[in-house]
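Data file: work31.txt. Format and content: compact mmCIF, N, CA and C atoms.
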# COMPACT_ATOMS: atom_id res chain seq x y z
N MET B 1 -144.25 34.41 88.63
CA MET B 1 -143.30 34.06 87.61
C MET B 1 -143.94 34.11 86.24
N CYS B 2 -145.24 34.31 86.22
CA CYS B 2 -146.00 34.29 84.97
C CYS B 2 -145.60 35.44 84.05
N GLY B 3 -145.36 36.65 84.60
CA GLY B 3 -145.04 37.79 83.76
C GLY B 3 -143.57 38.12 83.73
N GLU B 4 -142.72 37.16 84.07
CA GLU B 4 -141.29 37.44 84.12
C GLU B 4 -140.53 36.49 83.21
N LEU B 5 -139.47 36.99 82.65
CA LEU B 5 -138.56 36.15 81.89
C LEU B 5 -137.40 35.79 82.81
N PRO B 6 -137.09 34.54 82.95
CA PRO B 6 -135.99 34.19 83.85
C PRO B 6 -134.64 34.49 83.19
N ILE B 7 -134.09 35.61 83.49
CA ILE B 7 -132.76 35.96 83.03
C ILE B 7 -131.88 35.96 84.26
N PHE B 8 -131.14 34.91 84.44
CA PHE B 8 -130.35 34.75 85.64
C PHE B 8 -129.11 35.62 85.56
N GLY B 9 -128.84 36.34 86.61
CA GLY B 9 -127.65 37.18 86.66
C GLY B 9 -127.79 38.47 85.87
N ALA B 10 -129.02 38.83 85.52
CA ALA B 10 -129.22 40.07 84.78
C ALA B 10 -129.04 41.25 85.71
N ILE B 11 -128.35 42.24 85.27
CA ILE B 11 -128.17 43.45 86.07
C ILE B 11 -129.17 44.46 85.56
N MET B 12 -130.00 44.94 86.47
CA MET B 12 -131.00 45.94 86.09
C MET B 12 -130.69 47.22 86.85
N VAL B 13 -131.00 48.32 86.25
CA VAL B 13 -130.77 49.62 86.87
C VAL B 13 -132.12 50.27 87.06
N ASN B 14 -132.42 50.68 88.30
CA ASN B 14 -133.70 51.32 88.55
C ASN B 14 -133.62 52.80 88.22
N GLN B 15 -134.70 53.54 88.48
CA GLN B 15 -134.75 54.95 88.08
C GLN B 15 -133.76 55.81 88.85
N MET B 16 -133.34 55.36 90.02
CA MET B 16 -132.38 56.14 90.80
C MET B 16 -130.95 55.82 90.39
N GLY B 17 -130.78 54.90 89.45
CA GLY B 17 -129.45 54.58 88.97
C GLY B 17 -128.77 53.49 89.77
N LEU B 18 -129.53 52.81 90.66
CA LEU B 18 -128.94 51.75 91.47
C LEU B 18 -129.07 50.43 90.74
N ALA B 19 -128.00 49.69 90.66
CA ALA B 19 -128.00 48.41 89.97
C ALA B 19 -128.37 47.31 90.96
N HIS B 20 -129.13 46.33 90.47
CA HIS B 20 -129.46 45.16 91.28
C HIS B 20 -129.67 43.97 90.36
N PHE B 21 -129.52 42.79 90.92
CA PHE B 21 -129.73 41.57 90.16
C PHE B 21 -131.19 41.18 90.22
N GLY B 22 -131.68 40.58 89.17
CA GLY B 22 -133.06 40.12 89.20
C GLY B 22 -133.50 39.61 87.85
N THR B 23 -134.78 39.48 87.73
CA THR B 23 -135.37 39.01 86.48
C THR B 23 -136.06 40.17 85.80
N VAL B 24 -136.26 40.03 84.53
CA VAL B 24 -136.90 41.08 83.74
C VAL B 24 -138.33 40.67 83.47
N LYS B 25 -139.28 41.53 83.77
CA LYS B 25 -140.67 41.23 83.48
C LYS B 25 -140.88 41.25 81.98
N SER B 26 -141.82 40.46 81.50
CA SER B 26 -142.03 40.37 80.06
C SER B 26 -142.46 41.70 79.48
N SER B 27 -143.20 42.53 80.25
CA SER B 27 -143.59 43.84 79.74
C SER B 27 -142.36 44.73 79.58
N GLN B 28 -141.41 44.59 80.51
CA GLN B 28 -140.16 45.36 80.39
C GLN B 28 -139.35 44.87 79.20
N ALA B 29 -139.34 43.56 79.00
CA ALA B 29 -138.61 43.00 77.87
C ALA B 29 -139.22 43.46 76.56
N ARG B 30 -140.56 43.45 76.50
CA ARG B 30 -141.24 43.92 75.29
C ARG B 30 -140.96 45.39 75.05
N ALA B 31 -140.97 46.19 76.13
CA ALA B 31 -140.71 47.63 75.98
C ALA B 31 -139.30 47.85 75.46
N GLY B 32 -138.34 47.08 75.99
CA GLY B 32 -136.96 47.21 75.51
C GLY B 32 -136.83 46.80 74.07
N ARG B 33 -137.53 45.70 73.70
CA ARG B 33 -137.49 45.22 72.33
C ARG B 33 -138.15 46.24 71.40
N ASP B 34 -139.31 46.77 71.80
CA ASP B 34 -140.00 47.76 70.98
C ASP B 34 -139.16 49.02 70.85
N GLN B 35 -138.52 49.41 71.94
CA GLN B 35 -137.70 50.61 71.89
C GLN B 35 -136.53 50.42 70.93
N ARG B 36 -135.96 49.22 70.92
CA ARG B 36 -134.86 48.96 70.00
C ARG B 36 -135.33 49.06 68.56
N PHE B 37 -136.52 48.54 68.27
CA PHE B 37 -137.00 48.55 66.89
C PHE B 37 -137.54 49.93 66.51
N LEU B 38 -138.28 50.57 67.41
CA LEU B 38 -138.84 51.88 67.09
C LEU B 38 -137.76 52.95 67.09
N GLY B 39 -136.84 52.87 68.02
CA GLY B 39 -135.77 53.85 68.10
C GLY B 39 -134.57 53.44 67.27
N GLY B 40 -134.76 52.54 66.36
CA GLY B 40 -133.66 52.03 65.55
C GLY B 40 -133.06 53.06 64.63
N ASN B 41 -133.80 54.12 64.34
CA ASN B 41 -133.26 55.16 63.46
C ASN B 41 -132.03 55.79 64.06
N ALA B 42 -132.08 56.08 65.36
CA ALA B 42 -130.93 56.69 66.03
C ALA B 42 -129.79 55.68 66.10
N MET B 43 -130.10 54.44 66.27
CA MET B 43 -129.06 53.43 66.39
C MET B 43 -128.38 53.16 65.05
N THR B 44 -129.08 53.36 63.95
CA THR B 44 -128.43 53.18 62.66
C THR B 44 -127.82 54.48 62.15
N PHE B 45 -128.29 55.61 62.64
CA PHE B 45 -127.75 56.89 62.20
C PHE B 45 -126.33 57.10 62.72
N VAL B 46 -126.08 56.73 63.97
CA VAL B 46 -124.78 56.99 64.59
C VAL B 46 -123.65 56.25 63.86
N PRO B 47 -123.78 54.94 63.61
CA PRO B 47 -122.69 54.28 62.88
C PRO B 47 -122.50 54.82 61.46
N VAL B 48 -123.60 55.17 60.80
CA VAL B 48 -123.49 55.74 59.45
C VAL B 48 -122.79 57.09 59.52
N MET B 49 -123.16 57.89 60.52
CA MET B 49 -122.56 59.22 60.68
C MET B 49 -121.05 59.09 60.90
N TRP B 50 -120.65 58.19 61.80
CA TRP B 50 -119.23 58.01 62.07
C TRP B 50 -118.51 57.40 60.88
N SER B 51 -119.17 56.52 60.14
CA SER B 51 -118.55 55.90 58.96
C SER B 51 -118.29 56.94 57.88
N VAL B 52 -119.28 57.82 57.65
CA VAL B 52 -119.10 58.88 56.65
C VAL B 52 -117.97 59.80 57.07
N TRP B 53 -117.95 60.18 58.35
CA TRP B 53 -116.90 61.06 58.84
C TRP B 53 -115.53 60.39 58.66
N GLY B 54 -115.41 59.13 59.04
CA GLY B 54 -114.15 58.41 58.92
C GLY B 54 -113.70 58.27 57.47
N ALA B 55 -114.65 57.96 56.59
CA ALA B 55 -114.31 57.82 55.17
C ALA B 55 -113.81 59.14 54.60
N LEU B 56 -114.46 60.24 54.97
CA LEU B 56 -114.01 61.56 54.49
C LEU B 56 -112.61 61.88 55.00
N VAL B 57 -112.34 61.56 56.26
CA VAL B 57 -111.02 61.84 56.83
C VAL B 57 -109.95 61.00 56.13
N VAL B 58 -110.24 59.72 55.90
CA VAL B 58 -109.27 58.85 55.23
C VAL B 58 -109.03 59.33 53.79
N LEU B 59 -110.11 59.68 53.09
CA LEU B 59 -109.97 60.17 51.72
C LEU B 59 -109.16 61.47 51.68
N MET B 60 -109.43 62.37 52.63
CA MET B 60 -108.68 63.62 52.68
C MET B 60 -107.20 63.35 52.97
N ALA B 61 -106.92 62.42 53.86
CA ALA B 61 -105.53 62.08 54.18
C ALA B 61 -104.83 61.49 52.96
N CYS B 62 -105.52 60.64 52.20
CA CYS B 62 -104.92 60.05 51.00
C CYS B 62 -104.60 61.12 49.95
N VAL B 63 -105.53 62.04 49.74
CA VAL B 63 -105.30 63.12 48.76
C VAL B 63 -104.17 64.02 49.25
N HIS B 64 -104.11 64.24 50.57
CA HIS B 64 -103.04 65.07 51.12
C HIS B 64 -101.67 64.40 50.93
N VAL B 65 -101.61 63.09 51.13
CA VAL B 65 -100.35 62.36 50.91
C VAL B 65 -99.98 62.38 49.43
N TYR B 66 -100.97 62.22 48.55
CA TYR B 66 -100.70 62.28 47.10
C TYR B 66 -100.14 63.64 46.71
N ARG B 67 -100.76 64.71 47.24
CA ARG B 67 -100.25 66.05 46.93
C ARG B 67 -98.84 66.23 47.47
N GLY B 68 -98.57 65.68 48.65
CA GLY B 68 -97.22 65.76 49.22
C GLY B 68 -96.21 65.04 48.36
N ASN B 69 -96.60 63.88 47.81
CA ASN B 69 -95.69 63.16 46.91
C ASN B 69 -95.44 63.94 45.63
N LEU B 70 -96.45 64.65 45.14
CA LEU B 70 -96.25 65.48 43.96
C LEU B 70 -95.30 66.64 44.27
N GLU B 71 -95.50 67.24 45.44
CA GLU B 71 -94.71 68.42 45.79
C GLU B 71 -93.27 68.10 46.16
N LYS B 72 -92.98 66.85 46.53
CA LYS B 72 -91.60 66.54 46.92
C LYS B 72 -90.64 66.64 45.73
N ASP B 73 -91.14 66.47 44.52
CA ASP B 73 -90.30 66.58 43.33
C ASP B 73 -90.24 68.01 42.78
N GLU B 74 -90.98 68.90 43.42
CA GLU B 74 -91.01 70.28 42.94
C GLU B 74 -89.77 71.02 43.45
N ASP B 75 -89.15 71.77 42.56
CA ASP B 75 -87.97 72.54 42.92
C ASP B 75 -88.35 74.00 43.10
N ASP B 76 -87.67 74.65 44.02
CA ASP B 76 -87.90 76.08 44.26
C ASP B 76 -86.76 76.89 43.64
N GLN B 77 -86.65 76.80 42.34
CA GLN B 77 -85.61 77.57 41.66
C GLN B 77 -86.16 78.10 40.34
N ILE B 78 -85.53 79.12 39.87
CA ILE B 78 -85.93 79.73 38.61
C ILE B 78 -84.91 79.35 37.55
N PHE B 79 -85.41 78.89 36.41
CA PHE B 79 -84.53 78.52 35.31
C PHE B 79 -84.49 79.69 34.33
N LEU B 80 -83.35 80.34 34.29
CA LEU B 80 -83.21 81.50 33.42
C LEU B 80 -82.65 81.13 32.04
N ASP B 81 -81.90 80.08 31.98
CA ASP B 81 -81.25 79.68 30.75
C ASP B 81 -82.18 78.75 29.96
N ASP B 82 -82.16 78.84 28.64
CA ASP B 82 -82.99 77.99 27.80
C ASP B 82 -82.52 76.54 27.77
N SER B 83 -81.30 76.29 28.24
CA SER B 83 -80.80 74.91 28.24
C SER B 83 -81.51 74.05 29.29
N PHE B 84 -82.21 74.68 30.22
CA PHE B 84 -82.96 73.95 31.24
C PHE B 84 -84.46 73.93 30.95
N SER B 85 -84.81 74.07 29.70
CA SER B 85 -86.23 74.14 29.35
C SER B 85 -86.98 72.85 29.66
N HIS B 86 -86.30 71.69 29.53
CA HIS B 86 -86.97 70.42 29.85
C HIS B 86 -87.28 70.33 31.35
N GLU B 87 -86.37 70.85 32.20
CA GLU B 87 -86.63 70.85 33.65
C GLU B 87 -87.74 71.83 33.99
N ARG B 88 -87.77 72.95 33.28
CA ARG B 88 -88.84 73.93 33.49
C ARG B 88 -90.18 73.31 33.11
N ALA B 89 -90.23 72.55 32.02
CA ALA B 89 -91.48 71.90 31.60
C ALA B 89 -91.92 70.85 32.63
N GLU B 90 -90.95 70.12 33.19
CA GLU B 90 -91.28 69.14 34.23
C GLU B 90 -91.86 69.82 35.47
N GLN B 91 -91.26 70.94 35.85
CA GLN B 91 -91.75 71.66 37.02
C GLN B 91 -93.14 72.26 36.77
N GLU B 92 -93.37 72.74 35.57
CA GLU B 92 -94.70 73.27 35.23
C GLU B 92 -95.74 72.17 35.24
N ALA B 93 -95.37 70.96 34.82
CA ALA B 93 -96.30 69.83 34.87
C ALA B 93 -96.62 69.44 36.31
N ILE B 94 -95.62 69.48 37.18
CA ILE B 94 -95.85 69.18 38.59
C ILE B 94 -96.77 70.21 39.22
N VAL B 95 -96.50 71.48 38.93
CA VAL B 95 -97.33 72.56 39.47
C VAL B 95 -98.76 72.44 38.95
N ALA B 96 -98.93 72.06 37.69
CA ALA B 96 -100.27 71.90 37.13
C ALA B 96 -101.02 70.77 37.83
N ARG B 97 -100.33 69.65 38.12
CA ARG B 97 -100.99 68.53 38.82
C ARG B 97 -101.33 68.92 40.26
N VAL B 98 -100.43 69.65 40.93
CA VAL B 98 -100.70 70.10 42.30
C VAL B 98 -101.89 71.05 42.30
N ASN B 99 -101.94 71.95 41.32
CA ASN B 99 -103.07 72.89 41.24
C ASN B 99 -104.38 72.18 40.90
N LYS B 100 -104.31 71.05 40.19
CA LYS B 100 -105.51 70.28 39.88
C LYS B 100 -106.03 69.54 41.12
N VAL B 101 -105.13 69.12 42.01
CA VAL B 101 -105.51 68.37 43.21
C VAL B 101 -106.00 69.31 44.32
N GLN B 102 -105.51 70.53 44.33
CA GLN B 102 -105.82 71.47 45.42
C GLN B 102 -107.32 71.72 45.62
N PRO B 103 -108.13 71.95 44.58
CA PRO B 103 -109.57 72.15 44.83
C PRO B 103 -110.25 70.91 45.42
N ILE B 104 -109.80 69.72 45.03
CA ILE B 104 -110.36 68.49 45.60
C ILE B 104 -110.03 68.42 47.08
N LEU B 105 -108.79 68.74 47.42
CA LEU B 105 -108.38 68.72 48.82
C LEU B 105 -109.15 69.75 49.63
N ASN B 106 -109.36 70.93 49.08
CA ASN B 106 -110.14 71.96 49.79
C ASN B 106 -111.58 71.51 50.00
N ALA B 107 -112.19 70.89 48.99
CA ALA B 107 -113.57 70.39 49.13
C ALA B 107 -113.64 69.31 50.20
N LEU B 108 -112.65 68.42 50.23
CA LEU B 108 -112.64 67.38 51.26
C LEU B 108 -112.45 67.97 52.65
N LYS B 109 -111.60 68.98 52.77
CA LYS B 109 -111.41 69.63 54.07
C LYS B 109 -112.71 70.24 54.57
N TRP B 110 -113.43 70.94 53.69
CA TRP B 110 -114.69 71.55 54.09
C TRP B 110 -115.75 70.49 54.39
N SER B 111 -115.70 69.37 53.68
CA SER B 111 -116.63 68.27 53.96
C SER B 111 -116.36 67.67 55.32
N VAL B 112 -115.10 67.52 55.67
CA VAL B 112 -114.74 66.99 57.00
C VAL B 112 -115.19 67.97 58.08
N VAL B 113 -114.99 69.26 57.86
CA VAL B 113 -115.44 70.27 58.83
C VAL B 113 -116.95 70.19 58.99
N ALA B 114 -117.69 70.11 57.88
CA ALA B 114 -119.15 70.05 57.95
C ALA B 114 -119.60 68.78 58.66
N MET B 115 -118.97 67.65 58.36
CA MET B 115 -119.36 66.39 59.00
C MET B 115 -119.00 66.41 60.48
N THR B 116 -117.90 67.07 60.85
CA THR B 116 -117.55 67.21 62.26
C THR B 116 -118.60 68.03 62.99
N LEU B 117 -119.10 69.07 62.35
CA LEU B 117 -120.18 69.86 62.95
C LEU B 117 -121.45 69.04 63.10
N VAL B 118 -121.73 68.15 62.15
CA VAL B 118 -122.89 67.27 62.27
C VAL B 118 -122.72 66.34 63.47
N VAL B 119 -121.54 65.76 63.63
CA VAL B 119 -121.28 64.85 64.75
C VAL B 119 -121.43 65.59 66.08
N VAL B 120 -120.79 66.75 66.19
CA VAL B 120 -120.87 67.53 67.43
C VAL B 120 -122.31 67.97 67.69
N GLY B 121 -123.00 68.41 66.65
CA GLY B 121 -124.40 68.81 66.79
C GLY B 121 -125.29 67.68 67.23
N TYR B 122 -125.05 66.49 66.70
CA TYR B 122 -125.86 65.33 67.10
C TYR B 122 -125.67 65.04 68.59
N TYR B 123 -124.43 65.05 69.05
CA TYR B 123 -124.20 64.74 70.45
C TYR B 123 -124.68 65.85 71.39
N ILE B 124 -124.61 67.09 70.97
CA ILE B 124 -125.18 68.17 71.77
C ILE B 124 -126.70 68.00 71.86
N TYR B 125 -127.33 67.69 70.73
CA TYR B 125 -128.78 67.44 70.72
C TYR B 125 -129.12 66.26 71.62
N ASP B 126 -128.33 65.21 71.55
CA ASP B 126 -128.58 64.01 72.37
C ASP B 126 -128.45 64.32 73.85
N ILE B 127 -127.45 65.10 74.22
CA ILE B 127 -127.28 65.48 75.63
C ILE B 127 -128.45 66.32 76.10
N LEU B 128 -128.86 67.29 75.29
CA LEU B 128 -129.99 68.14 75.67
C LEU B 128 -131.29 67.34 75.76
N ALA B 129 -131.45 66.35 74.90
CA ALA B 129 -132.66 65.52 74.96
C ALA B 129 -132.62 64.63 76.20
N LYS B 130 -131.46 64.09 76.53
CA LYS B 130 -131.36 63.23 77.72
C LYS B 130 -131.57 64.03 79.00
N LEU B 131 -131.13 65.27 79.02
CA LEU B 131 -131.35 66.13 80.19
C LEU B 131 -132.76 66.72 80.21
N ASP B 132 -133.53 66.38 79.18
CA ASP B 132 -134.92 66.83 79.05
C ASP B 132 -135.03 68.36 78.95
N ILE B 133 -134.00 68.96 78.38
CA ILE B 133 -134.02 70.40 78.12
C ILE B 133 -134.83 70.67 76.87
N ILE B 134 -134.66 69.81 75.87
CA ILE B 134 -135.50 69.89 74.68
C ILE B 134 -136.30 68.59 74.62
N HIS B 135 -137.45 68.66 74.06
CA HIS B 135 -138.34 67.50 73.99
C HIS B 135 -138.34 66.96 72.58
N SER B 136 -137.81 65.75 72.43
CA SER B 136 -137.73 65.16 71.10
C SER B 136 -138.93 64.32 70.78
Could I get this file's structure written as structure tokens?
Amino acid sequence: MCGELPIFGAIMVNQMGLAHFGTVKSSQARAGRDQRFLGGNAMTFVPVMWSVWGALVVLMACVHVYRGNLEKDEDDQIFLDDSFSHERAEQEAIVARVNKVQPILNALKWSVVAMTLVVVGYYIYDILAKLDIIHS
């Protein structure tokens, strides 16, 4: 009992993947604790990665909704008479605002695509490392 921590009801998994109840040896506990602290980079990278991806998606959705609200007031008609010049000016202002928002929306779309590739790449790398195909 000298080298064991009494953790009652602890489920441990051996190398063959079989679960059993028992106690954790202090060396195993230290290894787990050290692994958590030394391997903490991966544990902090994943939440940050998902947070950045989520923030980009939410921001892109907000800009997309804003552009949709601008476009709902846009008319698809041609004003040929000069008596409708004020409506033509309003439509030109709407088109100018939509054109100003469009590059921001495109940049956000490409950022979401790039961040999605980072997420997929991370998990592919993680799978390959766990299968010991690549050595990290």
Correct to one decimal, the distance atom N of Gly54 of chain B-atom N of Val113 of chain B is 10.2 Å
As AutoDock Vina command-line options: centre and edge lengths in Å, one decimal, of the axis-aligned box holding segment 92-101 of chain B with 8 Å per side:
--center_x -99.7 --center_y 70.8 --center_z 39.6 --size_x 28.7 --size_y 20.9 --size_z 25.5
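The interatomic distance for the pair atom C of Pro103 of chain B and atom N of Arg67 of chain B works out to 11.5 Å.
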What separates atom C of Asn106 of chain B and atom C of Val63 of chain B is a distance of 10.6 Å
Counting only C-alpha atoms, what is within 12 Å of Ala107 of chain B, bar same-chain residues fewer than 5 positions away, as number ranges by chain?
-> B: 56-57, 59-60, 63-64, 101-102, 112-114
